[in-house]
$ cat my_file11.cif   # mmCIF, C-alpha atoms
data_entry
#
loop_
_atom_site.label_atom_id
_atom_site.label_comp_id
_atom_site.auth_asym_id
_atom_site.auth_seq_id
_atom_site.Cartn_x
_atom_site.Cartn_y
_atom_site.Cartn_z
CA PRO T 232 98.25 192.74 -28.27
CA ALA T 233 96.24 189.75 -29.44
CA ALA T 234 96.82 188.81 -33.07
CA ARG T 235 93.92 189.04 -35.52
CA ALA T 236 93.51 186.82 -38.56
CA ASP T 237 93.59 189.87 -40.85
CA GLY T 238 96.56 191.46 -39.07
CA ALA T 239 99.98 191.34 -40.70
CA ALA T 240 102.17 188.48 -39.47
CA TYR T 241 105.18 189.62 -41.44
CA VAL T 242 106.32 191.72 -44.40
CA ILE T 243 108.92 190.06 -46.60
CA TYR T 244 110.67 191.70 -49.52
CA THR T 245 111.01 190.12 -52.94
CA SER T 246 112.77 191.75 -55.89
CA GLY T 247 110.91 189.89 -58.63
CA SER T 248 112.04 190.63 -62.14
CA THR T 249 112.38 194.41 -61.74
CA GLY T 250 115.11 194.53 -59.11
CA ARG T 251 113.03 196.99 -57.06
CA PRO T 252 112.09 195.34 -53.74
CA LYS T 253 108.36 194.81 -53.08
CA GLY T 254 107.17 194.23 -49.51
CA VAL T 255 104.62 191.39 -49.45
CA GLN T 256 102.21 191.72 -46.51
CA VAL T 257 101.24 188.28 -45.18
CA SER T 258 98.51 187.95 -42.55
CA HIS T 259 98.16 185.63 -39.56
CA GLY T 260 95.19 184.04 -41.38
CA ASN T 261 97.35 183.36 -44.45
CA VAL T 262 100.03 181.69 -42.31
CA THR T 263 97.54 179.68 -40.25
CA ASN T 264 95.87 178.23 -43.35
CA PHE T 265 99.27 177.34 -44.82
CA LEU T 266 100.54 175.60 -41.69
CA PHE T 267 97.39 173.59 -41.02
CA ALA T 268 97.15 172.61 -44.70
CA MET T 269 100.75 171.38 -44.71
CA ARG T 270 100.29 169.52 -41.42
CA SER T 271 97.34 167.64 -42.90
CA LEU T 272 99.04 166.98 -46.24
CA LEU T 273 102.39 165.81 -44.87
CA GLY T 274 101.15 164.08 -41.73
CA PHE T 275 103.68 165.99 -39.62
CA GLY T 276 103.23 165.17 -35.92
CA ALA T 277 104.56 165.51 -32.39
CA ASN T 278 107.19 162.80 -32.94
CA ASP T 279 108.66 164.57 -35.98
CA SER T 280 111.65 166.89 -36.16
CA MET T 281 112.43 169.50 -38.82
CA TYR T 282 116.03 170.38 -39.67
CA ALA T 283 115.87 174.12 -40.46
CA VAL T 284 118.48 175.54 -42.85
CA THR T 285 116.71 178.55 -44.39
CA THR T 286 117.52 182.20 -43.70
CA LEU T 287 114.68 184.30 -42.27
CA SER T 288 114.85 186.52 -45.37
CA PHE T 289 113.37 183.65 -47.42
CA ASP T 290 109.72 182.93 -46.62
CA ILE T 291 110.06 179.13 -46.73
CA ALA T 292 111.60 179.47 -43.25
CA VAL T 293 107.98 179.94 -42.06
CA LEU T 294 107.36 176.23 -42.59
CA GLU T 295 110.61 175.10 -41.01
CA LEU T 296 110.14 177.10 -37.81
CA TYR T 297 106.40 177.07 -37.21
CA LEU T 298 105.08 173.77 -38.60
CA PRO T 299 106.88 171.68 -35.94
CA LEU T 300 105.80 174.08 -33.18
CA ILE T 301 102.06 173.91 -33.96
CA CYS T 302 102.34 170.10 -33.96
CA GLY T 303 104.33 169.77 -30.74
CA GLY T 304 107.32 168.58 -32.77
CA THR T 305 110.97 169.65 -32.73
CA VAL T 306 112.86 172.33 -34.65
CA ILE T 307 116.60 171.76 -35.14
CA VAL T 308 118.17 175.04 -36.27
CA ALA T 309 121.36 174.80 -38.33
CA ASP T 310 123.77 177.72 -38.15
CA ALA T 311 124.53 179.61 -41.36
CA ALA T 312 128.04 178.17 -41.73
CA THR T 313 126.76 174.58 -41.50
CA ALA T 314 123.91 175.20 -43.92
CA ALA T 315 126.38 176.48 -46.55
CA ASP T 316 128.96 173.68 -46.18
CA GLY T 317 128.05 170.31 -47.69
CA GLN T 318 130.44 168.30 -45.52
CA ALA T 319 129.36 170.02 -42.29
CA LEU T 320 125.70 169.68 -43.24
CA ARG T 321 126.13 165.98 -43.97
CA ALA T 322 127.81 165.43 -40.58
CA ASP T 323 125.15 167.36 -38.66
CA LEU T 324 122.29 165.48 -40.35
CA SER T 325 123.98 162.23 -39.35
CA ARG T 326 124.22 163.46 -35.76
CA CYS T 327 120.68 164.89 -35.45
CA GLN T 328 118.72 162.29 -37.45
CA PRO T 329 115.76 164.58 -38.30
CA THR T 330 112.57 163.18 -39.84
CA TRP T 331 112.07 166.17 -42.20
CA MET T 332 114.20 168.69 -44.05
CA GLN T 333 113.25 171.39 -46.57
CA ALA T 334 115.72 173.02 -48.97
CA THR T 335 116.22 174.30 -52.49
CA PRO T 336 117.53 172.04 -55.29
CA ALA T 337 120.89 173.85 -54.99
CA SER T 338 121.19 172.81 -51.34
CA TRP T 339 120.31 169.20 -52.10
CA GLN T 340 122.93 169.17 -54.87
CA LEU T 341 125.46 170.53 -52.34
CA LEU T 342 124.66 167.66 -49.98
CA LEU T 343 124.84 164.97 -52.66
CA ALA T 344 128.18 166.35 -53.90
CA ALA T 345 129.48 165.99 -50.33
CA GLY T 346 128.74 162.27 -50.42
CA TRP T 347 125.44 162.30 -48.53
CA THR T 348 123.60 159.03 -49.06
CA GLY T 349 120.40 159.95 -47.29
CA SER T 350 118.29 158.56 -44.49
CA ALA T 351 115.46 156.03 -44.64
CA GLN T 352 113.63 157.93 -41.88
CA MET T 353 113.83 161.41 -43.40
CA SER T 354 111.25 162.98 -45.69
CA ILE T 355 112.29 165.79 -48.02
CA LEU T 356 110.67 168.98 -49.27
CA CYS T 357 112.27 170.57 -52.34
CA GLY T 358 111.22 174.00 -53.60
CA GLY T 359 112.23 177.55 -54.46
CA GLU T 360 113.52 176.54 -57.88
CA ALA T 361 112.44 174.03 -60.52
CA LEU T 362 113.35 170.46 -59.52
CA PRO T 363 115.23 168.74 -62.39
CA SER T 364 114.12 165.14 -62.95
CA THR T 365 117.78 164.06 -62.86
CA LEU T 366 118.16 165.48 -59.34
CA ALA T 367 114.85 163.94 -58.25
CA ALA T 368 116.10 160.55 -59.48
CA GLN T 369 119.20 160.91 -57.30
CA MET T 370 117.19 161.97 -54.26
CA LEU T 371 114.40 159.37 -54.34
CA PRO T 372 116.55 156.52 -52.99
CA CYS T 373 117.92 158.82 -50.26
CA CYS T 374 114.71 159.44 -48.34
CA ARG T 375 111.42 158.11 -47.00
CA ALA T 376 109.42 160.52 -49.19
CA LEU T 377 110.25 163.32 -51.63
CA TRP T 378 107.89 166.27 -52.14
CA ASN T 379 108.20 168.88 -54.88
CA VAL T 380 106.60 172.14 -53.69
CA TYR T 381 105.74 175.37 -55.52
CA GLY T 382 104.45 178.78 -54.55
CA PRO T 383 105.17 182.50 -54.81
CA THR T 384 105.73 184.65 -51.73
CA GLU T 385 102.51 186.50 -52.55
CA THR T 386 100.37 183.41 -51.84
CA THR T 387 102.16 182.38 -48.61
CA VAL T 388 105.09 180.04 -49.10
CA TRP T 389 103.73 176.93 -50.91
CA SER T 390 100.48 176.67 -52.88
CA LEU T 391 100.95 173.28 -54.61
CA ALA T 392 102.71 170.06 -53.67
CA HIS T 393 103.48 166.72 -55.31
CA GLN T 394 104.88 163.55 -53.78
CA VAL T 395 107.45 162.44 -56.34
CA GLY T 396 107.46 158.82 -57.47
CA PRO T 397 109.55 156.70 -59.88
CA GLN T 398 107.13 157.58 -62.69
CA ASP T 399 108.19 161.25 -62.43
CA VAL T 400 111.94 160.88 -62.98
CA GLY T 401 112.52 159.49 -66.48
CA GLU T 402 114.92 161.20 -68.90
CA GLN T 403 112.09 163.03 -70.67
CA SER T 404 110.04 163.62 -67.52
CA VAL T 405 108.98 166.94 -66.02
CA VAL T 406 108.57 166.65 -62.25
CA PRO T 407 105.03 167.98 -61.57
CA ILE T 408 104.24 170.69 -59.04
CA GLY T 409 101.13 168.71 -58.20
CA ARG T 410 97.83 169.71 -56.69
CA PRO T 411 96.78 172.72 -54.58
CA ILE T 412 96.98 172.66 -50.79
CA ALA T 413 93.77 173.20 -48.78
CA ASN T 414 91.60 176.26 -49.55
CA THR T 415 93.60 177.15 -52.68
CA PRO T 416 91.55 177.42 -55.90
CA LEU T 417 93.64 177.56 -59.08
CA LEU T 418 92.82 178.90 -62.55
CA VAL T 419 94.85 178.42 -65.73
CA LEU T 420 93.90 181.23 -68.13
CA ASP T 421 94.86 182.54 -71.55
CA ARG T 422 95.68 186.18 -72.32
CA HIS T 423 91.93 186.95 -72.52
CA ARG T 424 91.45 185.48 -69.02
CA GLN T 425 89.53 182.53 -70.41
CA LEU T 426 90.04 179.01 -69.07
CA VAL T 427 92.29 176.83 -71.22
CA PRO T 428 91.70 173.09 -71.76
CA ASP T 429 93.73 170.47 -69.90
CA GLY T 430 97.13 170.01 -71.51
CA THR T 431 97.20 173.57 -72.88
CA PRO T 432 99.71 176.09 -71.48
CA GLY T 433 98.30 179.10 -69.67
CA GLU T 434 99.07 181.56 -66.89
CA LEU T 435 98.51 180.35 -63.33
CA TYR T 436 96.21 182.40 -61.11
CA ILE T 437 96.14 181.42 -57.41
CA GLY T 438 93.22 182.26 -55.10
CA GLY T 439 91.99 181.30 -51.65
CA LEU T 440 93.09 181.75 -48.06
CA GLY T 441 96.81 181.96 -48.90
CA VAL T 442 96.52 185.11 -51.02
CA SER T 443 98.36 187.87 -49.16
CA GLN T 444 97.34 191.48 -48.60
CA GLY T 445 99.44 192.78 -51.47
CA TYR T 446 102.49 195.03 -51.59
CA ARG T 447 103.18 197.50 -48.81
CA GLY T 448 102.83 201.07 -50.11
CA ARG T 449 102.40 199.88 -53.73
CA ALA T 450 98.65 200.18 -54.43
CA ASP T 451 99.27 200.35 -58.19
CA LEU T 452 101.24 197.13 -58.31
CA THR T 453 98.84 195.40 -55.92
CA ALA T 454 95.90 196.25 -58.21
CA GLU T 455 97.83 194.92 -61.22
CA ARG T 456 98.79 191.56 -59.72
CA PHE T 457 95.96 190.86 -57.24
CA VAL T 458 92.82 190.69 -59.37
CA HIS T 459 89.16 189.85 -58.80
CA LEU T 460 87.55 187.45 -61.27
CA PRO T 461 83.79 187.47 -60.47
CA GLU T 462 83.03 185.57 -63.68
CA PHE T 463 84.38 182.42 -62.02
CA ALA T 464 82.16 182.83 -58.92
CA ILE T 465 85.11 182.45 -56.53
CA ALA T 466 85.33 185.03 -53.75
CA GLY T 467 88.44 187.04 -53.03
CA ALA T 468 91.43 188.11 -55.06
CA PHE T 469 93.55 185.92 -57.31
CA TYR T 470 97.29 186.45 -57.63
CA ARG T 471 98.60 186.53 -61.20
CA THR T 472 101.80 184.50 -60.99
CA GLY T 473 103.12 185.24 -64.48
CA ASP T 474 104.09 181.54 -64.61
CA LEU T 475 103.15 179.25 -67.47
CA VAL T 476 101.67 175.92 -66.41
CA ARG T 477 99.36 173.22 -67.71
CA TRP T 478 97.00 170.69 -66.16
CA ARG T 479 97.69 167.05 -66.94
CA ARG T 480 94.69 164.80 -67.60
CA ASP T 481 95.15 163.19 -64.17
CA GLY T 482 94.58 166.53 -62.40
CA VAL T 483 98.25 167.17 -61.66
CA MET T 484 99.90 170.46 -62.69
CA GLU T 485 103.18 170.86 -64.58
CA PHE T 486 105.30 174.02 -64.42
CA LEU T 487 106.52 175.14 -67.85
#
$ encode --input "my_file11.cif" --output "structure tokens"
Amino acid sequence: PAARADGAAYVIYTSGSTGRPKGVQVSHGNVTNFLFAMRSLLGFGANDSMYAVTTLSFDIAVLELYLPLICGGTVIVADAATAADGQALRADLSRCQPTWMQATPASWQLLLAAGWTGSAQMSILCGGEALPSTLAAQMLPCCRALWNVYGPTETTVWSLAHQVGPQDVGEQSVVPIGRPIANTPLLVLDRHRQLVPDGTPGELYIGGLGVSQGYRGRADLTAERFVHLPEFAIAGAFYRTGDLVRWRRDGVMEFL
């Protein structure tokens, strides 16, 4: 059957803080907005190749598998044994020479510990965990571009992105999570759901076309975490991330 924008593309389970799995229902429209937003932001094209290391049980695999395909690019799929072995991963990257790779900070640390010195033609996406500034400093000389990306499963893979520069990697620096991708309004609110001033910590609420259809069979939890905020005159539900963030004066967001 033909896919509809509001039809479920996939259900992926996340344990969150409770340990009880919650099935997040993500629509074709959610995924389409994400992929086209990332294509525009990153400039990914038909001549690019993505080295895919992520298991299908982690939603960031959506970018690795589908972004190259909608651009006419190439997906290079690593097997599980290679992806978990720093030396094997280093050797395969040398052989394949991809132009993009996405992984968690733990995977990048694995590669660096194996003696990987990088590639001047490869751009890097780093997400899934907080990116320490010390690791970012090690990675910057190893690539053409380094992006720090952030987003919960409930808002479709990544919702914010920041191209890391030398100014972000000092000893006292916090690597920002950046600015929202296309069609992704953000609110930083206090416990009374009032906007907080720039520089003040608050909870991040994410709205827009990436907000998923909630938790499968968990109407109570969906109502608790996917909220409507008509006072801000923005249509649709916002996802309450539970994460503390703050806006910098230059319009870039920091994760606290």
$ resolve_selection --input "my_file11.cif" --expression "the PyMOL selection byres ((chain T and resi 357) around 7)" --output "NGL selection string"
:T and (333-336 or 355-356 or 358 or 378-380)
$ atom_distance --input "my_file11.cif" --atom1 "CA of Leu417 (chain T)" --atom2 "CA of Leu435 (chain T)"
7.0 Å
$ closest_residue --input "my_file11.cif" --among "T:Ala468, T:Leu273, T:Ala344, T:Leu371" --to "Gly441 (chain T)" --atoms "only C-alpha atoms"
T:Ala468
$ resolve_selection --input "my_file11.cif" --expression "the PyMOL selection byres ((chain T and resi 330) around 9)" --output "count of residues only"
15
$ resolve_selection --input "my_file11.cif" --expression "the PyMOL selection byres ((chain T and resi 289) around 9)" --output "PDB file with C-alpha atoms, in the coordinates of the input"
ATOM      1  CA  ILE T 243     108.920 190.060 -46.600  1.00  0.00           C
ATOM      2  CA  TYR T 244     110.670 191.700 -49.520  1.00  0.00           C
ATOM      3  CA  THR T 245     111.010 190.120 -52.940  1.00  0.00           C
ATOM      4  CA  THR T 285     116.710 178.550 -44.390  1.00  0.00           C
ATOM      5  CA  THR T 286     117.520 182.200 -43.700  1.00  0.00           C
ATOM      6  CA  LEU T 287     114.680 184.300 -42.270  1.00  0.00           C
ATOM      7  CA  SER T 288     114.850 186.520 -45.370  1.00  0.00           C
ATOM      8  CA  ASP T 290     109.720 182.930 -46.620  1.00  0.00           C
ATOM      9  CA  ILE T 291     110.060 179.130 -46.730  1.00  0.00           C
ATOM     10  CA  ALA T 292     111.600 179.470 -43.250  1.00  0.00           C
ATOM     11  CA  VAL T 293     107.980 179.940 -42.060  1.00  0.00           C
ATOM     12  CA  THR T 384     105.730 184.650 -51.730  1.00  0.00           C
TER      13      THR T 384
END
$ build_atoms --input "my_file11.cif" --residues "region 347-358 of chain T" --atoms "all heavy atoms" --output "mmCIF file, keeping the file's coordinate frame"
data_model
loop_
_atom_site.group_PDB
_atom_site.id
_atom_site.type_symbol
_atom_site.label_atom_id
_atom_site.label_comp_id
_atom_site.auth_asym_id
_atom_site.auth_seq_id
_atom_site.Cartn_x
_atom_site.Cartn_y
_atom_site.Cartn_z
ATOM 1 N N TRP T 347 126.602 162.681 -49.339
ATOM 2 C CA TRP T 347 125.440 162.300 -48.530
ATOM 3 C C TRP T 347 124.658 161.199 -49.229
ATOM 4 O O TRP T 347 124.357 161.291 -50.408
ATOM 5 C CB TRP T 347 124.568 163.534 -48.320
ATOM 6 C CG TRP T 347 123.332 163.315 -47.502
ATOM 7 C CD1 TRP T 347 123.253 163.081 -46.164
ATOM 8 C CD2 TRP T 347 121.974 163.356 -47.977
ATOM 9 N NE1 TRP T 347 121.939 162.972 -45.767
ATOM 10 C CE2 TRP T 347 121.136 163.132 -46.867
ATOM 11 C CE3 TRP T 347 121.397 163.558 -49.231
ATOM 12 C CZ2 TRP T 347 119.743 163.103 -46.963
ATOM 13 C CZ3 TRP T 347 120.025 163.532 -49.335
ATOM 14 C CH2 TRP T 347 119.201 163.307 -48.208
ATOM 15 N N THR T 348 124.339 160.156 -48.484
ATOM 16 C CA THR T 348 123.600 159.030 -49.060
ATOM 17 C C THR T 348 122.177 158.928 -48.546
ATOM 18 O O THR T 348 121.458 157.994 -48.884
ATOM 19 C CB THR T 348 124.326 157.699 -48.797
ATOM 20 O OG1 THR T 348 124.527 157.544 -47.381
ATOM 21 C CG2 THR T 348 125.673 157.672 -49.514
ATOM 22 N N GLY T 349 121.783 159.879 -47.702
ATOM 23 C CA GLY T 349 120.400 159.950 -47.290
ATOM 24 C C GLY T 349 120.089 159.248 -45.991
ATOM 25 O O GLY T 349 120.973 158.775 -45.278
ATOM 26 N N SER T 350 118.782 159.180 -45.704
ATOM 27 C CA SER T 350 118.290 158.560 -44.490
ATOM 28 C C SER T 350 116.920 157.957 -44.771
ATOM 29 O O SER T 350 116.038 158.639 -45.299
ATOM 30 C CB SER T 350 118.186 159.585 -43.359
ATOM 31 O OG SER T 350 117.433 159.084 -42.285
ATOM 32 N N ALA T 351 116.735 156.710 -44.391
ATOM 33 C CA ALA T 351 115.460 156.030 -44.640
ATOM 34 C C ALA T 351 114.338 156.601 -43.784
ATOM 35 O O ALA T 351 113.159 156.362 -44.075
ATOM 36 C CB ALA T 351 115.615 154.534 -44.362
ATOM 37 N N GLN T 352 114.675 157.369 -42.748
ATOM 38 C CA GLN T 352 113.630 157.930 -41.880
ATOM 39 C C GLN T 352 113.296 159.366 -42.204
ATOM 40 O O GLN T 352 112.367 159.932 -41.649
ATOM 41 C CB GLN T 352 114.075 157.849 -40.410
ATOM 42 C CG GLN T 352 115.157 158.857 -40.038
ATOM 43 C CD GLN T 352 115.365 158.967 -38.530
ATOM 44 O OE1 GLN T 352 114.878 158.152 -37.766
ATOM 45 N NE2 GLN T 352 116.116 159.986 -38.119
ATOM 46 N N MET T 353 114.029 159.985 -43.138
ATOM 47 C CA MET T 353 113.830 161.410 -43.400
ATOM 48 C C MET T 353 113.028 161.659 -44.670
ATOM 49 O O MET T 353 113.309 161.090 -45.719
ATOM 50 C CB MET T 353 115.186 162.131 -43.521
ATOM 51 C CG MET T 353 115.037 163.647 -43.573
ATOM 52 S SD MET T 353 116.609 164.545 -43.412
ATOM 53 C CE MET T 353 117.261 164.413 -45.060
ATOM 54 N N SER T 354 112.017 162.518 -44.534
ATOM 55 C CA SER T 354 111.250 162.980 -45.690
ATOM 56 C C SER T 354 111.777 164.341 -46.119
ATOM 57 O O SER T 354 112.266 165.121 -45.292
ATOM 58 C CB SER T 354 109.767 163.073 -45.345
ATOM 59 O OG SER T 354 109.241 161.795 -45.041
ATOM 60 N N ILE T 355 111.648 164.623 -47.412
ATOM 61 C CA ILE T 355 112.290 165.790 -48.020
ATOM 62 C C ILE T 355 111.253 166.673 -48.708
ATOM 63 O O ILE T 355 110.370 166.179 -49.423
ATOM 64 C CB ILE T 355 113.342 165.329 -49.050
ATOM 65 C CG1 ILE T 355 114.585 164.777 -48.338
ATOM 66 C CG2 ILE T 355 113.716 166.445 -50.017
ATOM 67 C CD1 ILE T 355 115.595 164.161 -49.282
ATOM 68 N N LEU T 356 111.392 167.989 -48.497
ATOM 69 C CA LEU T 356 110.670 168.980 -49.270
ATOM 70 C C LEU T 356 111.670 169.742 -50.125
ATOM 71 O O LEU T 356 112.708 170.191 -49.616
ATOM 72 C CB LEU T 356 109.951 169.972 -48.352
ATOM 73 C CG LEU T 356 108.778 169.422 -47.539
ATOM 74 C CD1 LEU T 356 108.480 170.336 -46.369
ATOM 75 C CD2 LEU T 356 107.549 169.272 -48.407
ATOM 76 N N CYS T 357 111.368 169.881 -51.416
ATOM 77 C CA CYS T 357 112.270 170.570 -52.340
ATOM 78 C C CYS T 357 111.485 171.652 -53.063
ATOM 79 O O CYS T 357 110.459 171.362 -53.703
ATOM 80 C CB CYS T 357 112.857 169.566 -53.331
ATOM 81 S SG CYS T 357 114.155 170.249 -54.368
ATOM 82 N N GLY T 358 111.938 172.903 -52.952
ATOM 83 C CA GLY T 358 111.220 174.000 -53.600
ATOM 84 C C GLY T 358 112.096 175.228 -53.737
ATOM 85 O O GLY T 358 113.260 175.229 -53.363
#
